[in-house]
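Q: Contents of target-v8.cif (mmCIF, C-alpha atoms; chains and numbers go by the auth columns):
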```
data_query
#
loop_
_atom_site.group_PDB
_atom_site.id
_atom_site.type_symbol
_atom_site.label_atom_id
_atom_site.label_comp_id
_atom_site.label_asym_id
_atom_site.label_seq_id
_atom_site.Cartn_x
_atom_site.Cartn_y
_atom_site.Cartn_z
_atom_site.B_iso_or_equiv
_atom_site.auth_seq_id
_atom_site.auth_asym_id
ATOM 1 C CA MET A 1 -11.772 50.886 -9.316 0.00 1 A
ATOM 2 C CA SER A 2 -9.139 50.518 -12.062 0.00 2 A
ATOM 3 C CA ASN A 3 -9.422 47.743 -14.634 0.00 3 A
ATOM 4 C CA SER A 4 -6.285 46.028 -13.264 0.00 4 A
ATOM 5 C CA LYS A 5 -7.618 45.996 -9.694 0.00 5 A
ATOM 6 C CA ALA A 6 -10.967 44.686 -10.915 0.00 6 A
ATOM 7 C CA LEU A 7 -9.175 41.898 -12.780 0.00 7 A
ATOM 8 C CA ILE A 8 -7.158 40.911 -9.697 0.00 8 A
ATOM 9 C CA LEU A 9 -10.292 40.924 -7.540 0.00 9 A
ATOM 10 C CA GLY A 10 -12.086 38.773 -10.095 0.00 10 A
ATOM 11 C CA ILE A 11 -9.248 36.226 -10.056 0.00 11 A
ATOM 12 C CA LEU A 12 -9.214 36.117 -6.257 0.00 12 A
ATOM 13 C CA LEU A 13 -12.944 35.466 -6.215 0.00 13 A
ATOM 14 C CA LEU A 14 -12.607 32.797 -8.910 0.00 14 A
ATOM 15 C CA VAL A 15 -9.996 30.710 -7.068 0.00 15 A
ATOM 16 C CA PRO A 16 -12.321 29.592 -4.213 0.00 16 A
ATOM 17 C CA LEU A 17 -14.974 28.734 -6.784 0.00 17 A
ATOM 18 C CA LEU A 18 -12.551 26.505 -8.702 0.00 18 A
ATOM 19 C CA ILE A 19 -11.500 24.802 -5.452 0.00 19 A
ATOM 20 C CA PHE A 20 -15.162 24.207 -4.595 0.00 20 A
ATOM 21 C CA ILE A 21 -15.770 22.685 -8.032 0.00 21 A
ATOM 22 C CA PHE A 22 -12.717 20.417 -7.645 0.00 22 A
ATOM 23 C CA ILE A 23 -13.774 19.207 -4.204 0.00 23 A
ATOM 24 C CA GLY A 24 -17.303 18.719 -5.445 0.00 24 A
ATOM 25 C CA SER A 25 -16.126 16.606 -8.361 0.00 25 A
ATOM 26 C CA PHE A 26 -14.046 14.492 -5.954 0.00 26 A
ATOM 27 C CA GLY A 27 -17.123 14.000 -3.812 0.00 27 A
ATOM 28 C CA GLU A 28 -19.057 12.835 -6.848 0.00 28 A
ATOM 29 C CA HIS A 29 -16.420 10.137 -7.285 0.00 29 A
ATOM 30 C CA HIS A 30 -14.951 11.387 -10.567 0.00 30 A
ATOM 31 C CA TYR A 31 -11.549 10.184 -9.366 0.00 31 A
ATOM 32 C CA THR A 32 -11.359 6.396 -9.558 0.00 32 A
ATOM 33 C CA LEU A 33 -8.543 3.905 -9.108 0.00 33 A
ATOM 34 C CA ARG A 34 -7.736 1.259 -11.678 0.00 34 A
ATOM 35 C CA LYS A 35 -6.640 -2.299 -11.023 0.00 35 A
ATOM 36 C CA TYR A 36 -3.123 -3.500 -11.805 0.00 36 A
ATOM 37 C CA PHE A 37 -1.640 -6.723 -13.176 0.00 37 A
ATOM 38 C CA PRO A 38 -4.017 -8.264 -15.739 0.00 38 A
ATOM 39 C CA GLN A 39 -3.912 -12.048 -15.899 0.00 39 A
ATOM 40 C CA VAL A 40 -2.098 -13.225 -19.030 0.00 40 A
ATOM 41 C CA THR A 41 -1.699 -16.534 -20.834 0.00 41 A
ATOM 42 C CA ALA A 42 1.655 -18.222 -21.448 0.00 42 A
ATOM 43 C CA THR A 43 1.829 -16.342 -24.767 0.00 43 A
ATOM 44 C CA GLY A 44 1.253 -12.990 -23.091 0.00 44 A
ATOM 45 C CA GLU A 45 -2.396 -12.573 -24.109 0.00 45 A
ATOM 46 C CA VAL A 46 -4.613 -10.743 -21.608 0.00 46 A
ATOM 47 C CA GLN A 47 -7.277 -13.047 -20.193 0.00 47 A
ATOM 48 C CA ARG A 48 -10.928 -11.990 -20.175 0.00 48 A
ATOM 49 C CA ASP A 49 -14.137 -13.340 -18.689 0.00 49 A
ATOM 50 C CA ALA A 50 -17.275 -14.389 -20.578 0.00 50 A
ATOM 51 C CA LYS A 51 -18.352 -10.736 -20.807 0.00 51 A
ATOM 52 C CA GLY A 52 -15.040 -9.713 -22.315 0.00 52 A
ATOM 53 C CA ASP A 53 -13.869 -7.877 -19.191 0.00 53 A
ATOM 54 C CA THR A 54 -10.193 -8.094 -18.267 0.00 54 A
ATOM 55 C CA LEU A 55 -9.333 -10.539 -15.493 0.00 55 A
ATOM 56 C CA PHE A 56 -6.906 -9.124 -12.922 0.00 56 A
ATOM 57 C CA ASN A 57 -4.460 -10.844 -10.598 0.00 57 A
ATOM 58 C CA GLN A 58 -5.447 -11.102 -6.939 0.00 58 A
ATOM 59 C CA VAL A 59 -2.889 -11.219 -4.150 0.00 59 A
ATOM 60 C CA PRO A 60 -2.838 -14.901 -3.127 0.00 60 A
ATOM 61 C CA ALA A 61 -3.806 -16.099 0.329 0.00 61 A
ATOM 62 C CA PHE A 62 -1.004 -16.352 2.883 0.00 62 A
ATOM 63 C CA GLN A 63 -0.436 -17.199 6.531 0.00 63 A
ATOM 64 C CA LEU A 64 2.589 -15.841 8.398 0.00 64 A
ATOM 65 C CA THR A 65 3.556 -14.826 11.937 0.00 65 A
ATOM 66 C CA SER A 66 3.241 -11.314 13.339 0.00 66 A
ATOM 67 C CA GLN A 67 5.528 -9.360 15.658 0.00 67 A
ATOM 68 C CA GLN A 68 3.303 -10.555 18.497 0.00 68 A
ATOM 69 C CA GLY A 69 3.802 -14.196 17.579 0.00 69 A
ATOM 70 C CA GLN A 70 0.257 -14.545 16.253 0.00 70 A
ATOM 71 C CA ALA A 71 -0.700 -16.317 13.035 0.00 71 A
ATOM 72 C CA ILE A 72 -1.908 -13.707 10.534 0.00 72 A
ATOM 73 C CA SER A 73 -3.548 -14.794 7.303 0.00 73 A
ATOM 74 C CA GLN A 74 -5.424 -13.206 4.452 0.00 74 A
ATOM 75 C CA LYS A 75 -8.623 -13.880 6.411 0.00 75 A
ATOM 76 C CA ASP A 76 -7.486 -11.353 9.028 0.00 76 A
ATOM 77 C CA LEU A 77 -7.436 -8.763 6.244 0.00 77 A
ATOM 78 C CA ASP A 78 -10.840 -9.632 4.780 0.00 78 A
ATOM 79 C CA GLY A 79 -13.000 -6.536 4.706 0.00 79 A
ATOM 80 C CA HIS A 80 -9.947 -4.281 4.959 0.00 80 A
ATOM 81 C CA ILE A 81 -7.884 -2.112 2.655 0.00 81 A
ATOM 82 C CA TYR A 82 -4.184 -2.578 3.324 0.00 82 A
ATOM 83 C CA VAL A 83 -0.821 -1.122 2.351 0.00 83 A
ATOM 84 C CA ALA A 84 1.959 -3.690 1.882 0.00 84 A
ATOM 85 C CA ASP A 85 5.720 -3.372 1.672 0.00 85 A
ATOM 86 C CA PHE A 86 8.813 -5.607 1.904 0.00 86 A
ATOM 87 C CA PHE A 87 11.744 -4.737 4.169 0.00 87 A
ATOM 88 C CA PHE A 88 14.209 -6.173 6.696 0.00 88 A
ATOM 89 C CA ALA A 89 15.044 -4.966 10.174 0.00 89 A
ATOM 90 C CA THR A 90 18.809 -4.577 9.672 0.00 90 A
ATOM 91 C CA CYS A 91 18.426 -2.656 6.409 0.00 91 A
ATOM 92 C CA PRO A 92 20.806 0.325 6.765 0.00 92 A
ATOM 93 C CA ASP A 93 19.023 2.944 4.677 0.00 93 A
ATOM 94 C CA ILE A 94 16.018 2.486 2.377 0.00 94 A
ATOM 95 C CA CYS A 95 13.899 0.583 4.920 0.00 95 A
ATOM 96 C CA LYS A 96 14.260 3.373 7.462 0.00 96 A
ATOM 97 C CA ALA A 97 12.858 5.834 4.934 0.00 97 A
ATOM 98 C CA MET A 98 10.050 3.434 4.030 0.00 98 A
ATOM 99 C CA SER A 99 9.106 2.789 7.655 0.00 99 A
ATOM 100 C CA SER A 100 9.127 6.521 8.409 0.00 100 A
ATOM 101 C CA GLN A 101 6.710 7.084 5.541 0.00 101 A
ATOM 102 C CA MET A 102 4.552 4.155 6.681 0.00 102 A
ATOM 103 C CA VAL A 103 4.286 5.926 10.043 0.00 103 A
ATOM 104 C CA ARG A 104 2.632 8.818 8.202 0.00 104 A
ATOM 105 C CA VAL A 105 0.074 6.431 6.694 0.00 105 A
ATOM 106 C CA GLN A 106 -0.635 4.943 10.125 0.00 106 A
ATOM 107 C CA GLU A 107 -1.145 8.411 11.594 0.00 107 A
ATOM 108 C CA ALA A 108 -3.456 9.442 8.753 0.00 108 A
ATOM 109 C CA PHE A 109 -5.737 6.418 9.317 0.00 109 A
ATOM 110 C CA GLN A 110 -5.200 5.694 13.006 0.00 110 A
ATOM 111 C CA ASP A 111 -8.926 5.768 13.703 0.00 111 A
ATOM 112 C CA GLU A 112 -10.020 4.116 10.444 0.00 112 A
ATOM 113 C CA GLU A 113 -10.609 0.433 11.208 0.00 113 A
ATOM 114 C CA GLN A 114 -10.880 -0.481 7.530 0.00 114 A
ATOM 115 C CA VAL A 115 -7.210 0.373 6.866 0.00 115 A
ATOM 116 C CA LYS A 116 -4.310 -1.928 7.799 0.00 116 A
ATOM 117 C CA LEU A 117 -0.549 -1.868 7.133 0.00 117 A
ATOM 118 C CA VAL A 118 1.459 -5.026 6.396 0.00 118 A
ATOM 119 C CA SER A 119 5.267 -5.144 6.292 0.00 119 A
ATOM 120 C CA PHE A 120 6.770 -8.463 5.145 0.00 120 A
ATOM 121 C CA THR A 121 10.368 -9.203 6.085 0.00 121 A
ATOM 122 C CA VAL A 122 12.689 -10.512 3.357 0.00 122 A
ATOM 123 C CA ASN A 123 15.101 -11.808 6.037 0.00 123 A
ATOM 124 C CA PRO A 124 12.885 -14.152 8.073 0.00 124 A
ATOM 125 C CA GLU A 125 15.810 -16.165 9.478 0.00 125 A
ATOM 126 C CA TYR A 126 16.945 -13.116 11.462 0.00 126 A
ATOM 127 C CA ASP A 127 13.675 -11.198 11.749 0.00 127 A
ATOM 128 C CA THR A 128 11.927 -13.231 14.430 0.00 128 A
ATOM 129 C CA PRO A 129 8.725 -11.945 16.042 0.00 129 A
ATOM 130 C CA GLU A 130 10.852 -10.533 18.871 0.00 130 A
ATOM 131 C CA VAL A 131 13.102 -8.630 16.448 0.00 131 A
ATOM 132 C CA LEU A 132 10.092 -7.341 14.518 0.00 132 A
ATOM 133 C CA SER A 133 8.356 -6.287 17.730 0.00 133 A
ATOM 134 C CA GLU A 134 11.384 -4.230 18.730 0.00 134 A
ATOM 135 C CA TYR A 135 11.572 -2.754 15.231 0.00 135 A
ATOM 136 C CA GLY A 136 7.879 -1.844 15.296 0.00 136 A
ATOM 137 C CA ASP A 137 8.257 -0.214 18.686 0.00 137 A
ATOM 138 C CA ARG A 138 10.956 2.079 17.303 0.00 138 A
ATOM 139 C CA TYR A 139 8.410 3.438 14.835 0.00 139 A
ATOM 140 C CA GLY A 140 5.447 3.542 17.194 0.00 140 A
ATOM 141 C CA ALA A 141 3.642 0.820 15.241 0.00 141 A
ATOM 142 C CA ASP A 142 0.192 -0.093 16.534 0.00 142 A
ATOM 143 C CA PRO A 143 0.256 -3.934 16.466 0.00 143 A
ATOM 144 C CA ALA A 144 -3.498 -4.007 15.922 0.00 144 A
ATOM 145 C CA LYS A 145 -3.129 -1.929 12.743 0.00 145 A
ATOM 146 C CA TRP A 146 0.412 -2.451 11.477 0.00 146 A
ATOM 147 C CA TYR A 147 1.532 -6.074 11.095 0.00 147 A
ATOM 148 C CA PHE A 148 5.195 -7.013 10.695 0.00 148 A
ATOM 149 C CA LEU A 149 5.187 -10.541 9.285 0.00 149 A
ATOM 150 C CA THR A 150 7.805 -13.282 9.190 0.00 150 A
ATOM 151 C CA GLY A 151 7.758 -16.965 8.306 0.00 151 A
ATOM 152 C CA ASP A 152 8.999 -19.352 5.638 0.00 152 A
ATOM 153 C CA ARG A 153 11.398 -17.612 3.249 0.00 153 A
ATOM 154 C CA ASP A 154 10.130 -19.384 0.108 0.00 154 A
ATOM 155 C CA LYS A 155 6.530 -18.462 0.885 0.00 155 A
ATOM 156 C CA ILE A 156 7.412 -14.798 1.435 0.00 156 A
ATOM 157 C CA TYR A 157 9.536 -14.575 -1.714 0.00 157 A
ATOM 158 C CA THR A 158 6.853 -16.297 -3.802 0.00 158 A
ATOM 159 C CA LEU A 159 4.272 -13.873 -2.406 0.00 159 A
ATOM 160 C CA ALA A 160 6.480 -10.908 -3.340 0.00 160 A
ATOM 161 C CA GLN A 161 7.345 -12.138 -6.819 0.00 161 A
ATOM 162 C CA LYS A 162 4.101 -13.766 -7.940 0.00 162 A
ATOM 163 C CA GLY A 163 1.562 -11.972 -5.747 0.00 163 A
ATOM 164 C CA PHE A 164 2.832 -8.400 -5.859 0.00 164 A
ATOM 165 C CA TYR A 165 5.193 -8.695 -8.867 0.00 165 A
ATOM 166 C CA LEU A 166 8.038 -7.222 -6.827 0.00 166 A
ATOM 167 C CA PRO A 167 11.722 -8.229 -7.003 0.00 167 A
ATOM 168 C CA VAL A 168 13.296 -9.836 -3.956 0.00 168 A
ATOM 169 C CA MET A 169 16.467 -11.879 -3.487 0.00 169 A
ATOM 170 C CA LYS A 170 19.334 -12.431 -1.081 0.00 170 A
ATOM 171 C CA VAL A 171 22.730 -11.123 -2.182 0.00 171 A
ATOM 172 C CA GLU A 172 24.923 -14.215 -1.999 0.00 172 A
ATOM 173 C CA GLY A 173 27.896 -13.890 0.320 0.00 173 A
ATOM 174 C CA GLN A 174 26.550 -10.719 1.905 0.00 174 A
ATOM 175 C CA GLN A 175 24.158 -9.767 4.685 0.00 175 A
ATOM 176 C CA ASP A 176 22.079 -7.780 2.216 0.00 176 A
ATOM 177 C CA PHE A 177 18.892 -8.257 0.258 0.00 177 A
ATOM 178 C CA ILE A 178 17.490 -6.849 -2.949 0.00 178 A
ATOM 179 C CA HIS A 179 13.905 -5.728 -2.449 0.00 179 A
ATOM 180 C CA SER A 180 11.561 -3.062 -3.735 0.00 180 A
ATOM 181 C CA GLU A 181 10.900 0.323 -2.145 0.00 181 A
ATOM 182 C CA LYS A 182 7.308 0.205 -3.380 0.00 182 A
ATOM 183 C CA PHE A 183 4.180 0.474 -1.261 0.00 183 A
ATOM 184 C CA MET A 184 1.238 -1.502 -2.668 0.00 184 A
ATOM 185 C CA LEU A 185 -2.377 -0.504 -2.026 0.00 185 A
ATOM 186 C CA VAL A 186 -4.592 -3.607 -1.890 0.00 186 A
ATOM 187 C CA ASP A 187 -8.384 -3.405 -1.877 0.00 187 A
ATOM 188 C CA LYS A 188 -10.904 -5.541 -0.023 0.00 188 A
ATOM 189 C CA ASP A 189 -11.010 -8.031 -2.906 0.00 189 A
ATOM 190 C CA ARG A 190 -7.200 -8.456 -2.901 0.00 190 A
ATOM 191 C CA TYR A 191 -6.617 -6.453 -6.079 0.00 191 A
ATOM 192 C CA VAL A 192 -3.643 -4.070 -6.217 0.00 192 A
ATOM 193 C CA ARG A 193 -5.086 -0.606 -6.785 0.00 193 A
ATOM 194 C CA GLY A 194 -1.990 1.556 -6.442 0.00 194 A
ATOM 195 C CA ILE A 195 1.820 1.431 -6.507 0.00 195 A
ATOM 196 C CA TYR A 196 3.907 4.118 -4.784 0.00 196 A
ATOM 197 C CA ASP A 197 7.512 4.990 -3.996 0.00 197 A
ATOM 198 C CA GLY A 198 7.700 4.347 -0.258 0.00 198 A
ATOM 199 C CA THR A 199 10.705 6.647 0.128 0.00 199 A
ATOM 200 C CA ASP A 200 9.079 9.674 -1.515 0.00 200 A
ATOM 201 C CA LYS A 201 6.905 11.959 0.616 0.00 201 A
ATOM 202 C CA GLU A 202 4.900 13.312 -2.330 0.00 202 A
ATOM 203 C CA ASP A 203 4.147 9.816 -3.609 0.00 203 A
ATOM 204 C CA VAL A 204 3.054 8.756 -0.120 0.00 204 A
ATOM 205 C CA ASP A 205 0.840 11.859 -0.038 0.00 205 A
ATOM 206 C CA ARG A 206 -0.752 10.428 -3.191 0.00 206 A
ATOM 207 C CA LEU A 207 -1.157 7.069 -1.448 0.00 207 A
ATOM 208 C CA ILE A 208 -2.939 8.713 1.491 0.00 208 A
ATOM 209 C CA LEU A 209 -5.255 10.532 -0.927 0.00 209 A
ATOM 210 C CA GLU A 210 -5.994 7.363 -2.885 0.00 210 A
ATOM 211 C CA ILE A 211 -6.790 5.394 0.269 0.00 211 A
ATOM 212 C CA LYS A 212 -9.412 8.060 0.945 0.00 212 A
ATOM 213 C CA VAL A 213 -10.672 7.658 -2.624 0.00 213 A
ATOM 214 C CA LEU A 214 -10.965 3.894 -2.123 0.00 214 A
ATOM 215 C CA LEU A 215 -12.782 4.344 1.189 0.00 215 A
ATOM 216 C CA ASP A 216 -15.147 6.743 -0.574 0.00 216 A
ATOM 217 C CA GLU A 217 -15.685 4.150 -3.307 0.00 217 A
ATOM 218 C CA TYR A 218 -16.718 1.543 -0.762 0.00 218 A
ATOM 219 C CA SER A 219 -18.961 3.938 1.137 0.00 219 A
ATOM 220 C CA LYS A 220 -20.859 4.735 -2.088 0.00 220 A
ATOM 221 C CA SER A 221 -21.281 1.054 -2.953 0.00 221 A
ATOM 222 C CA LYS A 222 -23.207 0.241 0.237 0.00 222 A
#
```
Written as structure tokens, that's how I'd like the structure from this file.

A:
Amino acid sequence: MSNSKALILGILLLVPLLIFIFIGSFGEHHYTLRKYFPQVTATGEVQRDAKGDTLFNQVPAFQLTSQQGQAISQKDLDGHIYVADFFFATCPDICKAMSSQMVRVQEAFQDEEQVKLVSFTVNPEYDTPEVLSEYGDRYGADPAKWYFLTGDRDKIYTLAQKGFYLPVMKVEGQQDFIHSEKFMLVDKDRYVRGIYDGTDKEDVDRLILEIKVLLDEYSKSK
């Protein structure tokens, strides 16, 4: 065998080994997710506990109404990982892309009871439970897994701005709203553990991977 052929064969044999090492390192939980949004004082200083560890913001408790007309609160998400986004049913472009990508997340975790999806409307006056139910049906949303939530506008906007640190506002004089395209990954303790572009397939691929990482983290902590 020539030296060049031996080199090629050696590389081909090495590739599976490197893949095995990578998968093995993932299984040993070398890939961890950080928390976002440290709590800060009025002067911008990061707050810490008595041990000196950084204190992080938790998504505040909420209670809104689902597409099925049921009251859904943070308690319904206790013990679950969830992906959150903000949208409105008559959005002409970006929301369609976001919802299509959320469908991919639902499909990836259809049989995983620990994972939920939560879409908050930024146009609650129009987006009644009936409107949201019809919208969810268009995307094949499982109402037991994917909640579309409506309710008091001020509560939703406060949740977006102060809970998830996302921009949201109505464009005065128009039937349009400014809102983020981000998907937010929230853990079982209500900490944001990932932020993703909900219109970008590759970034949503990363979200799907990192949900698996978070599930693996919880399975190892039992």

Q: Could you check which of A:Arg138, A:Lys188, A:Lys212, A:Arg34 is closest to A:Lys96, using only C-alpha atoms?

A: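 Closest to A:Lys96, using only C-alpha atoms: A:Arg138.
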
Q: Which residues fall under the PyMOL selection byres ((chain A and resi 135) around 12) in this file, as a ChimeraX atom specification?

A: /A:67-68,87-91,95-96,99-100,119,121,127-134,136-143,146-149

Q: For stretch 119-137 of chain A, what centre and edge lengths in Å (one decimal) does the axis-aligned box get once 6 Å is added on each side of all its listed atoms, as lines of an AutoDock Vina configuration file?

A:
```
center_x = 11.1
center_y = -8.2
center_z = 11.1
size_x = 23.7
size_y = 28.0
size_z = 27.5
```

Q: Closest to A:Gln161 among A:Lys145, A:Ser219, A:His179, A:Gln70, using all atoms listed in the file?

A: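 Checking each candidate against A:Gln161, we get A:His179 as the closest.
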
Q: For A:Asp205, which residue among A:Gln110, A:Met102, A:Val186, A:Glu181 is the nearest when counting only C-alpha atoms?

A: A:Met102

Q: What is the atom CA of A:Asp197-atom CA of A:Phe183 distance in Å, reported with one decimal?

A: 6.2 Å
